[in-house]
Amino acid sequence: MALAATAAASLPRLLSAAQVAATPSSGPFTLAPLPYPADALEPYIDAQTMTIHHDRHHQAYVNNLNAALREHADLQALPIASLLAKLDSVPADIRTAVRNNGGGHLNHGIFWTTMKKGGGGAPRGELASAIATAFGSHDQWQETMARAAMGVFGSGWAWLCWDPARRTLAVEPYPNQDSPVMQGKTPVLGVDVWEHAYYLKYQNRRRDYVDAWFHVIDWDAAAARFEQARKA
Ligand code: MN
């Protein structure tokens with residue numbers, strides 16, 4: 001009986017930090033469900049990676065963001081992109097937590113909603129024209145994006161973003177969970193190159209994962225984000 005009691009008492013310590021953090025917290029920020037089944041992006045992105053990535057990693061960013069903002073009702077009321085666009089006005093003691101976890105929440109929210117089953121190919125319309133203007137051709141954009149993704153040392157993202165100051169599209173690498181909104185730009189489409197995004201299926205072959213990601217891009221969703229960015 002003593003043994004059973006000891007085992008029960010030590011149970012919480014057997015849970016990893018990620019598992020503990022993956023328990024949903026109560027708002028203000030919440031994790032939306034994946035907009036498709038976890039296996040929808042197979043064979044390009046596997047179901048196990050999608051489940052762990054969304055349910056554990058993204059949930060942890062949401063929970064940690066909520067924890068950081070617990071005493072800051074004014075900041076809780078802001079849309080996440082607005083909060084990250086003015087990090088300088090976030091109190092210094094929570095700024096790094098908001099940058100990392102708020103960035104993680106925003107980035108992943110865009111990531112899930114700009115992929116779909118049967119995606120890939122090339123965009124049509126205004127986004128296609130803007131990509132041709134900025135990069136020469138769709139193929140050249142793709143190579144620019146892949147090179148940016150490969151150029152991220154350690155963890156981070158490559159983003160196709162709208163630069164409102166220059167009125168053009170740009171491809172830029174970002175470290176950790178930094179976001180284009182922190183530079184006054186609007187993210188249109190991004191690829192997560194943290195190892196948690198691809199290691200189970202691709203191990204160290206990041207380029208294979210990036211090449212696979214091109215096959216699941218939801219260009220209609222990216223075009224909608226682009227239209228909104230350009231009008232803002
Ligand atoms: Mn991620």
# chains A, B, ... in the order shown; residues from 1 in each chain; ligands from 1
>>> residues_near_ligand(ligand="ligand 1", cutoff="8 Å", atoms="only C-alpha atoms and all ligand atoms", output="PyMOL selection string")
chain A and resi 53-54+57-58+104+108+192-194+196-197
>>> select_by_dssp(residues="stretch 10-217 of chain A", states="strand (DSSP E or B)", output="VMD selection string")
chain A and resid 115 156 to 163 168 to 175 186 to 192 217
>>> write_last_selection(atoms="C-alpha atoms", output="CSV table (one decimal), in the first residue's frame")
chain,number,residue,atom,x,y,z
A,115,MET,CA,-2.0,24.5,-45.5
A,156,GLY,CA,12.9,29.6,-36.7
A,157,TRP,CA,10.8,30.3,-39.7
A,158,ALA,CA,11.0,31.5,-43.3
A,159,TRP,CA,8.2,34.0,-44.1
A,160,LEU,CA,6.7,35.4,-47.3
A,161,CYS,CA,5.5,38.7,-46.0
A,162,TRP,CA,4.1,42.0,-47.3
A,163,ASP,CA,6.3,45.0,-46.6
A,168,THR,CA,6.3,44.7,-52.1
A,169,LEU,CA,6.5,41.1,-51.1
A,170,ALA,CA,9.7,39.8,-49.4
A,171,VAL,CA,11.0,36.5,-48.1
A,172,GLU,CA,12.8,36.7,-44.8
A,173,PRO,CA,14.2,34.2,-42.2
A,174,TYR,CA,13.2,34.8,-38.6
A,175,PRO,CA,14.8,33.2,-35.5
A,186,THR,CA,2.5,41.3,-42.5
A,187,PRO,CA,3.0,37.5,-42.7
A,188,VAL,CA,1.4,35.9,-45.8
A,189,LEU,CA,2.8,32.4,-45.7
A,190,GLY,CA,5.4,30.8,-43.5
A,191,VAL,CA,7.2,27.5,-43.1
A,192,ASP,CA,8.1,26.3,-39.6
A,217,ILE,CA,0.3,25.2,-49.3
>>> closest_residue(among="A:Arg124, A:Glu71, A:Gly118, A:Leu65", to="A:Leu83", atoms="only C-alpha atoms")
A:Leu65
>>> closest_residue(among="A:Ala40, A:Ala128, A:Ala67, A:Ala221", to="A:Ile110", atoms="only C-alpha atoms")
A:Ala221
>>> closest_residue(among="A:Thr51, A:Asn101, A:Thr23, A:Thr30", to="A:Leu200", atoms="only C-alpha atoms")
A:Thr51
>>> select_by_dssp(residues="stretch 24-181 of chain A", states="helix (DSSP H, G or I)", output="MDAnalysis selection string")
chainID A and resid 47:68 73:76 80:85 87:89 92:113 125:135 138:151 180:181
>>> closest_residue(among="A:Phe111, A:Pro35, A:Ala132, A:Val98", to="A:Ile80", atoms="only C-alpha atoms")
A:Val98
>>> closest_residue(among="A:Asp39, A:Val62, A:Gly120, A:Ile45", to="A:Gly27", atoms="only C-alpha atoms")
A:Val62
>>> decode(residues="stretch 38-188 of chain A", atoms="C-alpha atoms", output="PDB file, in the first residue's frame")
ATOM      1  CA  ALA A  38      -4.368  15.406 -38.350  1.00  0.00           C
ATOM      2  CA  ASP A  39      -3.654  13.015 -41.246  1.00  0.00           C
ATOM      3  CA  ALA A  40      -4.956  15.386 -43.945  1.00  0.00           C
ATOM      4  CA  LEU A  41      -1.484  16.464 -45.045  1.00  0.00           C
ATOM      5  CA  GLU A  42      -0.106  12.926 -45.417  1.00  0.00           C
ATOM      6  CA  PRO A  43       2.229  11.863 -46.921  1.00  0.00           C
ATOM      7  CA  TYR A  44       3.912  15.279 -46.846  1.00  0.00           C
ATOM      8  CA  ILE A  45       3.439  15.993 -43.145  1.00  0.00           C
ATOM      9  CA  ASP A  46       2.608  12.969 -40.992  1.00  0.00           C
ATOM     10  CA  ALA A  47      -0.317  12.746 -38.575  1.00  0.00           C
ATOM     11  CA  GLN A  48       1.815  12.143 -35.489  1.00  0.00           C
ATOM     12  CA  THR A  49       3.873  15.263 -36.141  1.00  0.00           C
ATOM     13  CA  MET A  50       0.723  17.314 -36.737  1.00  0.00           C
ATOM     14  CA  THR A  51      -0.900  16.065 -33.520  1.00  0.00           C
ATOM     15  CA  ILE A  52       2.104  16.672 -31.276  1.00  0.00           C
ATOM     16  CA  HIS A  53       2.909  19.965 -32.981  1.00  0.00           C
ATOM     17  CA  HIS A  54      -0.610  21.357 -32.601  1.00  0.00           C
ATOM     18  CA  ASP A  55      -1.848  19.742 -29.374  1.00  0.00           C
ATOM     19  CA  ARG A  56       1.371  20.028 -27.370  1.00  0.00           C
ATOM     20  CA  HIS A  57       3.655  22.671 -28.836  1.00  0.00           C
ATOM     21  CA  HIS A  58       1.060  25.232 -29.922  1.00  0.00           C
ATOM     22  CA  GLN A  59      -0.986  24.646 -26.765  1.00  0.00           C
ATOM     23  CA  ALA A  60       2.123  25.320 -24.668  1.00  0.00           C
ATOM     24  CA  TYR A  61       2.667  28.674 -26.417  1.00  0.00           C
ATOM     25  CA  VAL A  62      -0.956  29.621 -25.701  1.00  0.00           C
ATOM     26  CA  ASN A  63      -0.717  28.572 -22.059  1.00  0.00           C
ATOM     27  CA  ASN A  64       2.576  30.361 -21.500  1.00  0.00           C
ATOM     28  CA  LEU A  65       1.251  33.510 -23.193  1.00  0.00           C
ATOM     29  CA  ASN A  66      -1.824  33.501 -20.956  1.00  0.00           C
ATOM     30  CA  ALA A  67       0.358  32.978 -17.895  1.00  0.00           C
ATOM     31  CA  ALA A  68       2.608  35.891 -18.845  1.00  0.00           C
ATOM     32  CA  LEU A  69      -0.402  38.205 -19.313  1.00  0.00           C
ATOM     33  CA  ARG A  70      -2.265  37.091 -16.187  1.00  0.00           C
ATOM     34  CA  GLU A  71      -1.814  40.452 -14.442  1.00  0.00           C
ATOM     35  CA  HIS A  72      -2.248  42.553 -17.597  1.00  0.00           C
ATOM     36  CA  ALA A  73      -5.917  42.819 -18.557  1.00  0.00           C
ATOM     37  CA  ASP A  74      -5.169  45.686 -20.971  1.00  0.00           C
ATOM     38  CA  LEU A  75      -2.751  43.553 -22.995  1.00  0.00           C
ATOM     39  CA  GLN A  76      -5.056  40.509 -22.881  1.00  0.00           C
ATOM     40  CA  ALA A  77      -7.646  42.514 -24.805  1.00  0.00           C
ATOM     41  CA  LEU A  78      -5.374  43.117 -27.811  1.00  0.00           C
ATOM     42  CA  PRO A  79      -5.397  40.970 -30.952  1.00  0.00           C
ATOM     43  CA  ILE A  80      -2.209  38.919 -30.924  1.00  0.00           C
ATOM     44  CA  ALA A  81      -0.690  40.674 -33.966  1.00  0.00           C
ATOM     45  CA  SER A  82      -1.284  44.092 -32.374  1.00  0.00           C
ATOM     46  CA  LEU A  83       0.334  42.950 -29.142  1.00  0.00           C
ATOM     47  CA  LEU A  84       3.445  41.750 -30.993  1.00  0.00           C
ATOM     48  CA  ALA A  85       3.612  44.850 -33.189  1.00  0.00           C
ATOM     49  CA  LYS A  86       4.270  46.955 -30.108  1.00  0.00           C
ATOM     50  CA  LEU A  87       6.479  44.764 -27.951  1.00  0.00           C
ATOM     51  CA  ASP A  88       8.384  47.870 -26.828  1.00  0.00           C
ATOM     52  CA  SER A  89       5.372  48.938 -24.795  1.00  0.00           C
ATOM     53  CA  VAL A  90       5.008  45.528 -23.120  1.00  0.00           C
ATOM     54  CA  PRO A  91       6.442  45.600 -19.559  1.00  0.00           C
ATOM     55  CA  ALA A  92      10.097  44.492 -19.547  1.00  0.00           C
ATOM     56  CA  ASP A  93       9.543  41.633 -17.083  1.00  0.00           C
ATOM     57  CA  ILE A  94       7.141  39.809 -19.431  1.00  0.00           C
ATOM     58  CA  ARG A  95       8.438  41.051 -22.795  1.00  0.00           C
ATOM     59  CA  THR A  96      10.535  37.989 -23.646  1.00  0.00           C
ATOM     60  CA  ALA A  97       7.730  35.613 -22.648  1.00  0.00           C
ATOM     61  CA  VAL A  98       5.247  37.554 -24.789  1.00  0.00           C
ATOM     62  CA  ARG A  99       7.674  37.700 -27.705  1.00  0.00           C
ATOM     63  CA  ASN A 100       8.393  33.951 -27.658  1.00  0.00           C
ATOM     64  CA  ASN A 101       4.971  32.586 -26.756  1.00  0.00           C
ATOM     65  CA  GLY A 102       2.874  35.250 -28.436  1.00  0.00           C
ATOM     66  CA  GLY A 103       5.007  34.814 -31.534  1.00  0.00           C
ATOM     67  CA  GLY A 104       4.536  31.053 -31.294  1.00  0.00           C
ATOM     68  CA  HIS A 105       0.761  31.481 -31.048  1.00  0.00           C
ATOM     69  CA  LEU A 106       0.514  33.855 -34.016  1.00  0.00           C
ATOM     70  CA  ASN A 107       2.955  31.956 -36.234  1.00  0.00           C
ATOM     71  CA  HIS A 108       1.322  28.565 -35.714  1.00  0.00           C
ATOM     72  CA  GLY A 109      -2.180  29.963 -36.196  1.00  0.00           C
ATOM     73  CA  ILE A 110      -1.132  31.179 -39.651  1.00  0.00           C
ATOM     74  CA  PHE A 111       0.785  27.969 -40.380  1.00  0.00           C
ATOM     75  CA  TRP A 112      -2.217  25.631 -39.815  1.00  0.00           C
ATOM     76  CA  THR A 113      -4.587  27.793 -41.833  1.00  0.00           C
ATOM     77  CA  THR A 114      -2.340  28.201 -44.872  1.00  0.00           C
ATOM     78  CA  MET A 115      -2.005  24.459 -45.484  1.00  0.00           C
ATOM     79  CA  LYS A 116      -4.616  22.040 -46.793  1.00  0.00           C
ATOM     80  CA  LYS A 117      -5.102  18.586 -48.267  1.00  0.00           C
ATOM     81  CA  GLY A 118      -4.622  18.777 -52.030  1.00  0.00           C
ATOM     82  CA  GLY A 119      -2.768  22.086 -51.789  1.00  0.00           C
ATOM     83  CA  GLY A 120       0.387  23.166 -53.554  1.00  0.00           C
ATOM     84  CA  GLY A 121       0.822  24.304 -57.131  1.00  0.00           C
ATOM     85  CA  ALA A 122       0.954  28.031 -57.748  1.00  0.00           C
ATOM     86  CA  PRO A 123      -1.275  30.949 -56.770  1.00  0.00           C
ATOM     87  CA  ARG A 124      -3.546  32.769 -59.195  1.00  0.00           C
ATOM     88  CA  GLY A 125      -4.507  36.416 -59.503  1.00  0.00           C
ATOM     89  CA  GLU A 126      -2.957  39.345 -57.660  1.00  0.00           C
ATOM     90  CA  LEU A 127      -0.729  37.246 -55.433  1.00  0.00           C
ATOM     91  CA  ALA A 128       0.709  35.465 -58.483  1.00  0.00           C
ATOM     92  CA  SER A 129       1.463  38.830 -60.101  1.00  0.00           C
ATOM     93  CA  ALA A 130       3.046  40.216 -56.935  1.00  0.00           C
ATOM     94  CA  ILE A 131       5.247  37.113 -56.595  1.00  0.00           C
ATOM     95  CA  ALA A 132       6.332  37.418 -60.247  1.00  0.00           C
ATOM     96  CA  THR A 133       7.149  41.107 -59.714  1.00  0.00           C
ATOM     97  CA  ALA A 134       9.129  40.530 -56.530  1.00  0.00           C
ATOM     98  CA  PHE A 135      10.933  37.279 -57.372  1.00  0.00           C
ATOM     99  CA  GLY A 136      10.830  36.903 -61.169  1.00  0.00           C
ATOM    100  CA  SER A 137       8.728  33.742 -61.268  1.00  0.00           C
ATOM    101  CA  HIS A 138       6.938  31.260 -59.042  1.00  0.00           C
ATOM    102  CA  ASP A 139       9.885  28.844 -59.330  1.00  0.00           C
ATOM    103  CA  GLN A 140      12.314  31.560 -58.289  1.00  0.00           C
ATOM    104  CA  TRP A 141      10.102  32.433 -55.336  1.00  0.00           C
ATOM    105  CA  GLN A 142      10.077  28.766 -54.318  1.00  0.00           C
ATOM    106  CA  GLU A 143      13.851  28.554 -54.455  1.00  0.00           C
ATOM    107  CA  THR A 144      14.177  31.831 -52.512  1.00  0.00           C
ATOM    108  CA  MET A 145      11.803  30.481 -49.856  1.00  0.00           C
ATOM    109  CA  ALA A 146      13.663  27.156 -49.610  1.00  0.00           C
ATOM    110  CA  ARG A 147      17.003  28.918 -49.319  1.00  0.00           C
ATOM    111  CA  ALA A 148      15.674  31.182 -46.563  1.00  0.00           C
ATOM    112  CA  ALA A 149      14.328  28.128 -44.723  1.00  0.00           C
ATOM    113  CA  MET A 150      17.659  26.333 -45.067  1.00  0.00           C
ATOM    114  CA  GLY A 151      19.479  29.460 -43.905  1.00  0.00           C
ATOM    115  CA  VAL A 152      17.797  29.543 -40.508  1.00  0.00           C
ATOM    116  CA  PHE A 153      20.462  28.391 -38.041  1.00  0.00           C
ATOM    117  CA  GLY A 154      18.719  26.453 -35.286  1.00  0.00           C
ATOM    118  CA  SER A 155      15.012  27.079 -34.799  1.00  0.00           C
ATOM    119  CA  GLY A 156      12.886  29.575 -36.679  1.00  0.00           C
ATOM    120  CA  TRP A 157      10.757  30.302 -39.706  1.00  0.00           C
ATOM    121  CA  ALA A 158      10.960  31.503 -43.288  1.00  0.00           C
ATOM    122  CA  TRP A 159       8.171  33.960 -44.124  1.00  0.00           C
ATOM    123  CA  LEU A 160       6.709  35.371 -47.278  1.00  0.00           C
ATOM    124  CA  CYS A 161       5.534  38.735 -46.039  1.00  0.00           C
ATOM    125  CA  TRP A 162       4.104  42.019 -47.272  1.00  0.00           C
ATOM    126  CA  ASP A 163       6.288  45.042 -46.615  1.00  0.00           C
ATOM    127  CA  PRO A 164       3.888  48.014 -46.493  1.00  0.00           C
ATOM    128  CA  ALA A 165       6.706  50.597 -46.502  1.00  0.00           C
ATOM    129  CA  ARG A 166       8.134  49.296 -49.788  1.00  0.00           C
ATOM    130  CA  ARG A 167       4.779  48.031 -51.142  1.00  0.00           C
ATOM    131  CA  THR A 168       6.330  44.691 -52.078  1.00  0.00           C
ATOM    132  CA  LEU A 169       6.494  41.056 -51.070  1.00  0.00           C
ATOM    133  CA  ALA A 170       9.661  39.794 -49.360  1.00  0.00           C
ATOM    134  CA  VAL A 171      11.024  36.467 -48.145  1.00  0.00           C
ATOM    135  CA  GLU A 172      12.782  36.664 -44.800  1.00  0.00           C
ATOM    136  CA  PRO A 173      14.167  34.234 -42.224  1.00  0.00           C
ATOM    137  CA  TYR A 174      13.178  34.787 -38.585  1.00  0.00           C
ATOM    138  CA  PRO A 175      14.782  33.203 -35.510  1.00  0.00           C
ATOM    139  CA  ASN A 176      12.833  31.383 -32.777  1.00  0.00           C
ATOM    140  CA  GLN A 177       9.180  32.538 -32.785  1.00  0.00           C
ATOM    141  CA  ASP A 178       9.808  36.050 -34.055  1.00  0.00           C
ATOM    142  CA  SER A 179       7.221  37.278 -36.539  1.00  0.00           C
ATOM    143  CA  PRO A 180       7.233  39.742 -39.445  1.00  0.00           C
ATOM    144  CA  VAL A 181       4.707  41.834 -37.480  1.00  0.00           C
ATOM    145  CA  MET A 182       7.558  42.683 -35.073  1.00  0.00           C
ATOM    146  CA  GLN A 183       9.214  44.431 -38.048  1.00  0.00           C
ATOM    147  CA  GLY A 184       6.053  46.197 -39.207  1.00  0.00           C
ATOM    148  CA  LYS A 185       5.410  43.634 -41.938  1.00  0.00           C
ATOM    149  CA  THR A 186       2.457  41.314 -42.532  1.00  0.00           C
ATOM    150  CA  PRO A 187       3.003  37.544 -42.717  1.00  0.00           C
ATOM    151  CA  VAL A 188       1.366  35.950 -45.768  1.00  0.00           C
TER     152      VAL A 188
END
